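**Student:** Have a look at this one before I ask anything.
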Amino acid sequence: MNILVIGTGYVGTTTALVFAEMGWKVTGLDTDQQKLNQLQNGILYFHEPGLKELLIKHNSSGQLQFTSNKKEAIQKSDVIFICVGTPSRPDGSADLSYVKQVAEDVAYHMNGYKLVVNKSTVPVGTQEKVTEWISESNRHAHPYDVASNPEFLREGKALEDSLHPDRIIIGTKSDRAAKLLQQLYSSMTCEIIETTPRTAELIKYASNAFLATKISYMNELSRLSDRLDVDIREVAKGMGLDLRIGSRFLQAGIGYGGSCFPKDVSALQQTAEENGMKLQILEQVVNVNKSQYLYMLDKAKKKLGDFAGKKAAVLGLAFKPDTDDIREAPSLRLIQDLLGQQATVHLYDPIAKLPASFTHDHLTVASMAEDVFKEADAVFICTEWTMFQELDWKSIHPQMKQPNLFDGRNMLDAKTMKSFGYYYEGIGYK
Ligand SMILES: NC(=O)C1=CN([C@@H]2O[C@H](COP(=O)(O)OP(=O)(O)OC[C@H]3O[C@@H](n4cnc5c(N)ncnc54)[C@H](O)[C@@H]3O)[C@@H](O)[C@H]2O)C=CC1
Ligand SMILES: O=C(O)[C@H]1O[C@H](OP(=O)(O)OP(=O)(O)OC[C@H]2O[C@@H](n3ccc(=O)[nH]c3=O)[C@H](O)[C@@H]2O)[C@H](O)[C@@H](O)[C@@H]1O
């Protein structure tokens, strides 16, 4: 079976590599020639543990190739995975223009039966739309099926999640499509659920929105824990041992970011509105998340007073560790607010970079973590990179003007930091 993956971003590149690793012949197609050039040369243009090694392996194994030649790629494929972006439109709904373009390209070039599988995160009803779009441009009336197969990988753990997923969801009403997808995933050991395309599409949004809800719930509780002098980490531990709750995704912090939770929660809200209802819980999930980084800033303001003329050391830019992705990262809003309030910001992240357009006279990006602390009035931890735990905090303390430590990810040990002389506050933990 020849597999074509259209869109070689985070999901497409991972999908292509994992299918190649499973032994299938895979082609990765993109419109971005620069990305393709890099991938063809074994350069992984984003940070994702373990993927580079697979890229090098399969570039030479003959299992995988990258191209921008749509016609050739589509014609030699049996199964086509759509992995293009579905960003938010200004009203919060999902922009399906990239998906539509792919559907039209497939229809235009197809030369026989194709199974088109949508892996991009798309609103309920999109499988039907893709079916229509293909039908409108299918000049020679070739047979085809469109299935939904949402992706659940996490950035930073993309390879692990794709090789060992918790579940695989196949949304199709076609036996032929279901058989092909079962065959494709036959080496996977997890449960494979076959359902309708609409259900599959909703499972994806419902899962992301539920995870976002878990986080906002814990974040709101962290604010109460502070007032009650309770450690939210212990609350999370105690709750998480209940198997009905589960121990994961209960970590309080400065809020969720990334390319998916904010976008997918608002797309689901939009779907509800289009269907004449409001998802009330999600409204509050978004509100708590928007204000959670401000909660940490308020803590600092209470301690420091005005930020004007103060020096802030910011550790971590990425929306989570082990990725260079800064889309919707809470660190960005924090930095903007600090600069807006006339603070000087010294930033360090081991991998993630600010876009070239993000400059400010009072913003310096350090190439070593050790460089941000000198004369600082406060340290803000925005991403829990392991290396921040390994810093020599004892020797950092005397370099600071005021040893204030605001740990937005509860990653350091409060007692130890206090014993070094820091004023330490986490989120629902001090
Ligand atoms: N990033 C993540 O961790 C996850 C993302 N998703 C979903 O997967 C989809 C893709 O996400 P990412 O990989 O992060 O996006 P991305 O933005 O990293 O990659 C999308 C790629 O599609 C390419 N593209 C756009 N139009 C094209 C066309 N007509 N033909 C060929 N290539 C085209 C772009 O050049 C880009 O390389 C989104 O719907 C997202 O919500 C789902 C699970 C995890
Ligand atoms: O649809 C998607 O794109 C993906 O979105 C998330 O994956 P991702 O955004 O890569 O990263 P997560 O590990 O989910 O973290 C998201 C955000 O939540 C925050 N988070 C996570 C867990 C937690 O306990 N507390 C918390 O604040 C992280 O710091 C991060 O900012 C989902 O976990 C994936 O299953 C899904 O496929």
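All residue names refer to the structure tokens as shown: chains lettered A, B, ... in order, residues numbered from 1 in each chain, ligands numbered from 1 in order.
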Sorted by chain and rising residue number, which residues of chain A lie within 7 Å of ligand 2, and what are their closest atom pairs and distances in Å to one decimal, counting only C-alpha atoms and all ligand atoms, as CSV?
**Tutor:**
```
residue,atom,partner,partner_atom_place_in_ligand_line,distance
A:Thr121,CA,ligand 2,1 (O),6.9
A:Glu151,CA,ligand 2,37 (O),5.6
A:Phe152,CA,ligand 2,37 (O),3.2
A:Leu153,CA,ligand 2,37 (O),4.1
A:Arg154,CA,ligand 2,10 (O),3.5
A:Glu155,CA,ligand 2,10 (O),3.7
A:Gly156,CA,ligand 2,10 (O),6.8
A:Asn208,CA,ligand 2,32 (C),5.9
A:Ala212,CA,ligand 2,18 (O),6.9
A:Ile215,CA,ligand 2,25 (N),5.3
A:Arg248,CA,ligand 2,24 (O),6.2
A:Phe249,CA,ligand 2,24 (O),3.1
A:Leu250,CA,ligand 2,24 (O),4.3
A:Gln251,CA,ligand 2,24 (O),3.5
A:Ala252,CA,ligand 2,25 (N),5.5
A:Gly253,CA,ligand 2,27 (O),5.2
A:Ile254,CA,ligand 2,27 (O),6.6
A:Gly255,CA,ligand 2,27 (O),5.0
A:Tyr256,CA,ligand 2,31 (O),3.6
A:Gly257,CA,ligand 2,31 (O),4.0
A:Gly258,CA,ligand 2,9 (O),4.9
A:Ser259,CA,ligand 2,3 (O),6.2
A:Cys260,CA,ligand 2,3 (O),4.3
A:Phe261,CA,ligand 2,5 (O),5.8
A:Phe319,CA,ligand 2,31 (O),4.5
A:Lys320,CA,ligand 2,29 (O),4.6
A:Ala329,CA,ligand 2,31 (O),6.6
```
**Student:** Take the selection from the previous step and output its residues with N, CA and C atoms, as an mmCIF file, in the first residue's frame.
**Tutor:**
```
data_model
loop_
_atom_site.group_PDB
_atom_site.id
_atom_site.type_symbol
_atom_site.label_atom_id
_atom_site.label_comp_id
_atom_site.auth_asym_id
_atom_site.auth_seq_id
_atom_site.Cartn_x
_atom_site.Cartn_y
_atom_site.Cartn_z
ATOM 1 N N THR A 121 -7.497 18.232 12.567
ATOM 2 C CA THR A 121 -8.619 18.388 13.506
ATOM 3 C C THR A 121 -9.674 19.273 12.843
ATOM 4 N N GLU A 151 -6.029 12.677 15.031
ATOM 5 C CA GLU A 151 -4.703 12.467 15.613
ATOM 6 C C GLU A 151 -4.702 12.953 17.064
ATOM 7 N N PHE A 152 -4.055 12.169 17.941
ATOM 8 C CA PHE A 152 -4.046 12.533 19.364
ATOM 9 C C PHE A 152 -2.636 12.756 19.915
ATOM 10 N N LEU A 153 -1.631 12.865 19.029
ATOM 11 C CA LEU A 153 -0.259 12.992 19.559
ATOM 12 C C LEU A 153 -0.065 14.323 20.269
ATOM 13 N N ARG A 154 0.884 14.319 21.207
ATOM 14 C CA ARG A 154 1.290 15.550 21.897
ATOM 15 C C ARG A 154 2.627 15.992 21.342
ATOM 16 N N GLU A 155 2.835 17.286 21.221
ATOM 17 C CA GLU A 155 4.160 17.772 20.856
ATOM 18 C C GLU A 155 5.115 17.450 22.000
ATOM 19 N N GLY A 156 6.348 17.174 21.630
ATOM 20 C CA GLY A 156 7.330 16.799 22.651
ATOM 21 C C GLY A 156 7.323 15.298 22.906
ATOM 22 N N ASN A 208 -9.809 17.013 23.459
ATOM 23 C CA ASN A 208 -8.975 18.195 23.734
ATOM 24 C C ASN A 208 -9.669 19.150 24.703
ATOM 25 N N ALA A 212 -8.370 20.349 28.401
ATOM 26 C CA ALA A 212 -8.257 21.768 28.737
ATOM 27 C C ALA A 212 -9.087 22.073 29.995
ATOM 28 N N ILE A 215 -7.302 21.058 33.137
ATOM 29 C CA ILE A 215 -6.245 22.003 33.503
ATOM 30 C C ILE A 215 -6.845 23.263 34.131
ATOM 31 N N ARG A 248 -3.187 12.127 35.505
ATOM 32 C CA ARG A 248 -2.544 12.975 34.507
ATOM 33 C C ARG A 248 -3.371 14.222 34.196
ATOM 34 N N PHE A 249 -2.664 15.261 33.797
ATOM 35 C CA PHE A 249 -3.316 16.533 33.423
ATOM 36 C C PHE A 249 -3.992 17.234 34.594
ATOM 37 N N LEU A 250 -3.383 17.081 35.765
ATOM 38 C CA LEU A 250 -3.907 17.776 36.946
ATOM 39 C C LEU A 250 -2.885 18.787 37.443
ATOM 40 N N GLN A 251 -1.904 19.102 36.606
ATOM 41 C CA GLN A 251 -0.814 19.970 37.041
ATOM 42 C C GLN A 251 -1.192 21.441 36.900
ATOM 43 N N ALA A 252 -1.296 22.121 38.027
ATOM 44 C CA ALA A 252 -1.612 23.556 37.963
ATOM 45 C C ALA A 252 -0.394 24.315 37.434
ATOM 46 N N GLY A 253 -0.641 25.455 36.836
ATOM 47 C CA GLY A 253 0.462 26.240 36.282
ATOM 48 C C GLY A 253 -0.048 27.576 35.781
ATOM 49 N N ILE A 254 0.664 28.140 34.793
ATOM 50 C CA ILE A 254 0.229 29.449 34.277
ATOM 51 C C ILE A 254 -0.685 29.311 33.062
ATOM 52 N N GLY A 255 -1.232 28.113 32.884
ATOM 53 C CA GLY A 255 -2.239 27.957 31.843
ATOM 54 C C GLY A 255 -1.742 27.165 30.656
ATOM 55 N N TYR A 256 -2.702 26.647 29.901
ATOM 56 C CA TYR A 256 -2.340 25.875 28.714
ATOM 57 C C TYR A 256 -2.135 26.800 27.519
ATOM 58 N N GLY A 257 -1.230 26.377 26.633
ATOM 59 C CA GLY A 257 -1.024 27.088 25.375
ATOM 60 C C GLY A 257 -0.949 26.071 24.257
ATOM 61 N N GLY A 258 -0.245 26.433 23.194
ATOM 62 C CA GLY A 258 -0.062 25.498 22.096
ATOM 63 C C GLY A 258 -0.993 25.768 20.939
ATOM 64 N N SER A 259 -0.758 25.014 19.875
ATOM 65 C CA SER A 259 -1.511 25.269 18.648
ATOM 66 C C SER A 259 -2.875 24.610 18.678
ATOM 67 N N CYS A 260 -3.158 23.835 19.737
ATOM 68 C CA CYS A 260 -4.395 23.054 19.671
ATOM 69 C C CYS A 260 -5.457 23.368 20.715
ATOM 70 N N PHE A 261 -5.120 23.343 21.998
ATOM 71 C CA PHE A 261 -6.190 23.533 22.990
ATOM 72 C C PHE A 261 -6.957 24.845 22.767
ATOM 73 N N PHE A 319 5.538 26.575 24.797
ATOM 74 C CA PHE A 319 4.276 26.388 25.544
ATOM 75 C C PHE A 319 4.330 25.175 26.456
ATOM 76 N N LYS A 320 5.344 24.315 26.240
ATOM 77 C CA LYS A 320 5.593 23.152 27.104
ATOM 78 C C LYS A 320 7.021 22.691 26.825
ATOM 79 N N ALA A 329 1.749 30.446 23.579
ATOM 80 C CA ALA A 329 2.457 30.173 24.839
ATOM 81 C C ALA A 329 2.144 31.273 25.851
#
```
**Student:** Given a cut-off of 6 Å, what residues near ligand 1 show up using only C-alpha atoms and all ligand atoms, put as a PDB file with C-alpha atoms, in the first residue's frame?
**Tutor:**
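Now in pocket-v4.pdb:
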```pdb
ATOM      1  CA  ILE A   6      -0.329  15.797   2.572  1.00  0.00           C
ATOM      2  CA  GLY A   7       1.088  18.510   4.838  1.00  0.00           C
ATOM      3  CA  THR A   8       4.487  17.831   6.389  1.00  0.00           C
ATOM      4  CA  GLY A   9       4.099  19.896   9.559  1.00  0.00           C
ATOM      5  CA  TYR A  10       4.303  18.473  13.097  1.00  0.00           C
ATOM      6  CA  VAL A  11       1.554  15.912  12.490  1.00  0.00           C
ATOM      7  CA  GLY A  12       2.293  15.105   8.849  1.00  0.00           C
ATOM      8  CA  LEU A  29       3.775  16.225   0.066  1.00  0.00           C
ATOM      9  CA  ASP A  30       3.822  19.895   0.977  1.00  0.00           C
ATOM     10  CA  THR A  31       3.478  23.256  -0.738  1.00  0.00           C
ATOM     11  CA  ASP A  32       6.349  24.686   1.309  1.00  0.00           C
ATOM     12  CA  CYS A  83      -2.501  16.630   7.705  1.00  0.00           C
ATOM     13  CA  VAL A  84      -2.755  20.328   6.833  1.00  0.00           C
ATOM     14  CA  GLY A  85      -3.434  23.089   9.329  1.00  0.00           C
ATOM     15  CA  THR A  86      -6.932  24.067  10.463  1.00  0.00           C
ATOM     16  CA  TYR A  98      -6.298  24.215   3.386  1.00  0.00           C
ATOM     17  CA  GLN A 101      -7.506  22.855  -1.348  1.00  0.00           C
ATOM     18  CA  VAL A 102      -6.239  19.337  -0.693  1.00  0.00           C
ATOM     19  CA  SER A 120      -6.367  17.240  10.668  1.00  0.00           C
ATOM     20  CA  THR A 121      -8.619  18.388  13.506  1.00  0.00           C
ATOM     21  CA  GLU A 151      -4.703  12.467  15.613  1.00  0.00           C
ATOM     22  CA  PHE A 152      -4.046  12.533  19.364  1.00  0.00           C
ATOM     23  CA  LEU A 153      -0.259  12.992  19.559  1.00  0.00           C
ATOM     24  CA  ARG A 154       1.290  15.550  21.897  1.00  0.00           C
ATOM     25  CA  GLU A 155       4.160  17.772  20.856  1.00  0.00           C
ATOM     26  CA  CYS A 260      -4.395  23.054  19.671  1.00  0.00           C
TER      27      CYS A 260
END
```
**Student:** Could I get the residues of region 78-143 of chain A with an atom no further than 10 Å from an atom of region 264-279 of chain A, each paired with its nearest atom pair and that distance in Å to one decimal, using only C-alpha atoms, sorted by chain and residue number, as a Markdown table?
**Tutor:**
```
| residue | atom | partner | partner_atom | distance |
| --- | --- | --- | --- | --- |
| A:Thr86 | CA | A:Asp264 | CA | 9.4 |
| A:Pro87 | CA | A:Asp264 | CA | 9.0 |
| A:Ser88 | CA | A:Ala267 | CA | 7.3 |
| A:Arg89 | CA | A:Ala267 | CA | 9.0 |
| A:Asp91 | CA | A:Gln270 | CA | 7.9 |
| A:Gly92 | CA | A:Ser266 | CA | 5.2 |
| A:Ser93 | CA | A:Ala267 | CA | 4.5 |
| A:Ala94 | CA | A:Ala267 | CA | 5.7 |
| A:Asp95 | CA | A:Ala267 | CA | 9.4 |
| A:Thr121 | CA | A:Asp264 | CA | 7.9 |
| A:Val122 | CA | A:Ala267 | CA | 8.7 |
| A:Pro123 | CA | A:Thr271 | CA | 7.2 |
| A:Val124 | CA | A:Thr271 | CA | 7.9 |
```
**Student:** Please produce a file of the residues just selected, as a PDB file, in the first residue's frame, where the atoms kept are N, CA and C atoms.
**Tutor:**
```
ATOM      1  N   THR A  86      -5.537  23.610  10.396  1.00  0.00           N
ATOM      2  CA  THR A  86      -6.932  24.067  10.463  1.00  0.00           C
ATOM      3  C   THR A  86      -6.995  25.202  11.492  1.00  0.00           C
ATOM      4  N   PRO A  87      -6.328  26.320  11.186  1.00  0.00           N
ATOM      5  CA  PRO A  87      -6.217  27.391  12.180  1.00  0.00           C
ATOM      6  C   PRO A  87      -7.565  28.051  12.494  1.00  0.00           C
ATOM      7  N   SER A  88      -7.556  28.893  13.523  1.00  0.00           N
ATOM      8  CA  SER A  88      -8.796  29.586  13.910  1.00  0.00           C
ATOM      9  C   SER A  88      -9.064  30.744  12.960  1.00  0.00           C
ATOM     10  N   ARG A  89     -10.322  30.897  12.584  1.00  0.00           N
ATOM     11  CA  ARG A  89     -10.741  32.129  11.899  1.00  0.00           C
ATOM     12  C   ARG A  89     -10.996  33.184  12.970  1.00  0.00           C
ATOM     13  N   ASP A  91     -13.574  34.494  14.048  1.00  0.00           N
ATOM     14  CA  ASP A  91     -14.725  34.208  14.926  1.00  0.00           C
ATOM     15  C   ASP A  91     -14.511  32.945  15.770  1.00  0.00           C
ATOM     16  N   GLY A  92     -13.336  32.329  15.669  1.00  0.00           N
ATOM     17  CA  GLY A  92     -13.045  31.150  16.495  1.00  0.00           C
ATOM     18  C   GLY A  92     -13.297  29.842  15.776  1.00  0.00           C
ATOM     19  N   SER A  93     -14.013  29.882  14.650  1.00  0.00           N
ATOM     20  CA  SER A  93     -14.293  28.628  13.937  1.00  0.00           C
ATOM     21  C   SER A  93     -13.036  28.157  13.200  1.00  0.00           C
ATOM     22  N   ALA A  94     -13.056  26.881  12.775  1.00  0.00           N
ATOM     23  CA  ALA A  94     -11.869  26.321  12.102  1.00  0.00           C
ATOM     24  C   ALA A  94     -11.853  26.733  10.633  1.00  0.00           C
ATOM     25  N   ASP A  95     -10.698  27.185  10.189  1.00  0.00           N
ATOM     26  CA  ASP A  95     -10.511  27.566   8.785  1.00  0.00           C
ATOM     27  C   ASP A  95     -10.213  26.293   7.988  1.00  0.00           C
ATOM     28  N   THR A 121      -7.497  18.232  12.567  1.00  0.00           N
ATOM     29  CA  THR A 121      -8.619  18.388  13.506  1.00  0.00           C
ATOM     30  C   THR A 121      -9.674  19.273  12.843  1.00  0.00           C
ATOM     31  N   VAL A 122     -10.827  18.681  12.571  1.00  0.00           N
ATOM     32  CA  VAL A 122     -11.848  19.395  11.791  1.00  0.00           C
ATOM     33  C   VAL A 122     -13.231  19.262  12.425  1.00  0.00           C
ATOM     34  N   PRO A 123     -14.063  20.285  12.254  1.00  0.00           N
ATOM     35  CA  PRO A 123     -15.387  20.249  12.870  1.00  0.00           C
ATOM     36  C   PRO A 123     -16.270  19.115  12.347  1.00  0.00           C
ATOM     37  N   VAL A 124     -17.226  18.753  13.171  1.00  0.00           N
ATOM     38  CA  VAL A 124     -18.180  17.699  12.801  1.00  0.00           C
ATOM     39  C   VAL A 124     -18.862  18.094  11.484  1.00  0.00           C
TER      40      VAL A 124
END
```
**Student:** Tell me which protein, DNA and RNA residues are within 8 Å of Asp324 (chain A), counting only C-alpha atoms, leaving out same-chain ones fewer than 5 positions away, and put them as a list in words.
**Tutor:**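 Once the adjacent positions are removed, what remains is Phe46, His47, Ala318, Ile351, Ala352 and Lys353 of chain A.
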**Student:** Using backbone DSSP assignments, extract all helix (DSSP H, G or I) residues from region 49-258 of chain A; output them as a PyMOL selection string.
**Tutor:** chain A and resi 51-61+70-75+97-109+126-137+158-163+175-184+197-228+232-240
**Student:** Skip Ser367 (chain A) itself and residues of its chain fewer than 2 positions away, then list as a list in words all residues within 10 Å of it, counting only C-alpha atoms.
**Tutor:** Leu347, Tyr348, Asp349, Pro350, Ile351, Thr364, Val365, Ala369, Glu370, Asp371 and Val372 of chain A
**Student:** Please write the residues from the selection above to a file, keeping N, CA and C atoms, as a PDB file, in the first residue's frame.
**Tutor:**
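Once written, selection-v1.pdb looks like this:
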```
ATOM      1  N   LEU A 347      15.337  36.954  28.751  1.00  0.00           N
ATOM      2  CA  LEU A 347      14.652  35.696  28.486  1.00  0.00           C
ATOM      3  C   LEU A 347      15.639  34.599  28.119  1.00  0.00           C
ATOM      4  N   TYR A 348      15.326  33.380  28.582  1.00  0.00           N
ATOM      5  CA  TYR A 348      16.108  32.225  28.129  1.00  0.00           C
ATOM      6  C   TYR A 348      15.187  31.032  27.895  1.00  0.00           C
ATOM      7  N   ASP A 349      15.379  30.374  26.760  1.00  0.00           N
ATOM      8  CA  ASP A 349      14.746  29.076  26.498  1.00  0.00           C
ATOM      9  C   ASP A 349      15.786  28.219  25.779  1.00  0.00           C
ATOM     10  N   PRO A 350      15.929  26.949  26.173  1.00  0.00           N
ATOM     11  CA  PRO A 350      16.983  26.136  25.549  1.00  0.00           C
ATOM     12  C   PRO A 350      16.758  25.866  24.065  1.00  0.00           C
ATOM     13  N   ILE A 351      15.530  25.899  23.598  1.00  0.00           N
ATOM     14  CA  ILE A 351      15.242  25.532  22.205  1.00  0.00           C
ATOM     15  C   ILE A 351      14.384  26.572  21.474  1.00  0.00           C
ATOM     16  N   THR A 364      15.984  41.287  26.172  1.00  0.00           N
ATOM     17  CA  THR A 364      17.226  40.632  25.741  1.00  0.00           C
ATOM     18  C   THR A 364      17.004  39.129  25.778  1.00  0.00           C
ATOM     19  N   VAL A 365      17.479  38.442  24.741  1.00  0.00           N
ATOM     20  CA  VAL A 365      17.368  36.984  24.741  1.00  0.00           C
ATOM     21  C   VAL A 365      18.766  36.422  25.006  1.00  0.00           C
ATOM     22  N   ALA A 369      21.214  30.075  30.230  1.00  0.00           N
ATOM     23  CA  ALA A 369      20.303  30.381  31.338  1.00  0.00           C
ATOM     24  C   ALA A 369      20.992  31.243  32.393  1.00  0.00           C
ATOM     25  N   GLU A 370      22.261  30.949  32.644  1.00  0.00           N
ATOM     26  CA  GLU A 370      23.014  31.636  33.704  1.00  0.00           C
ATOM     27  C   GLU A 370      23.080  33.147  33.470  1.00  0.00           C
ATOM     28  N   ASP A 371      22.858  33.589  32.214  1.00  0.00           N
ATOM     29  CA  ASP A 371      23.020  35.009  31.886  1.00  0.00           C
ATOM     30  C   ASP A 371      21.839  35.898  32.255  1.00  0.00           C
ATOM     31  N   VAL A 372      20.741  35.322  32.689  1.00  0.00           N
ATOM     32  CA  VAL A 372      19.557  36.180  32.879  1.00  0.00           C
ATOM     33  C   VAL A 372      19.396  36.708  34.313  1.00  0.00           C
TER      34      VAL A 372
END
```
**Student:** Here is a test: counting only C-alpha atoms, which residue of A:Arg167, A:Tyr113, A:Met22, A:Phe406 is nearest to Gln183 (chain A)?
**Tutor:**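 Ranking A:Arg167, A:Tyr113, A:Met22, A:Phe406 by distance to Gln183 (chain A), first place goes to A:Met22.
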**Student:** I'd like the interatomic distance between CA of Leu338 (chain A) and CA of Gly309 (chain A), to a tenth of an Å.
**Tutor:**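 Going from CA of Leu338 (chain A) over to CA of Gly309 (chain A), I get 10.3 Å.
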**Student:** Contacts of Lys157 (chain A) at 8 Å or less, counting only C-alpha atoms, minus same-chain residues fewer than 4 places along, as a ChimeraX atom specification?
**Tutor:** /A:48-49,153,161,322
**Student:** Write out as a list in words the residues lying within 8 Å of region 293-303 of chain A, counting only C-alpha atoms and excluding same-chain residues fewer than 5 positions away.
**Tutor:**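 In the requested form, the answer reads Ile254, Gly255, Pro330, Arg333, Leu334, Ala378, Phe406, Gly408, Glu425 and Ile427 of chain A.
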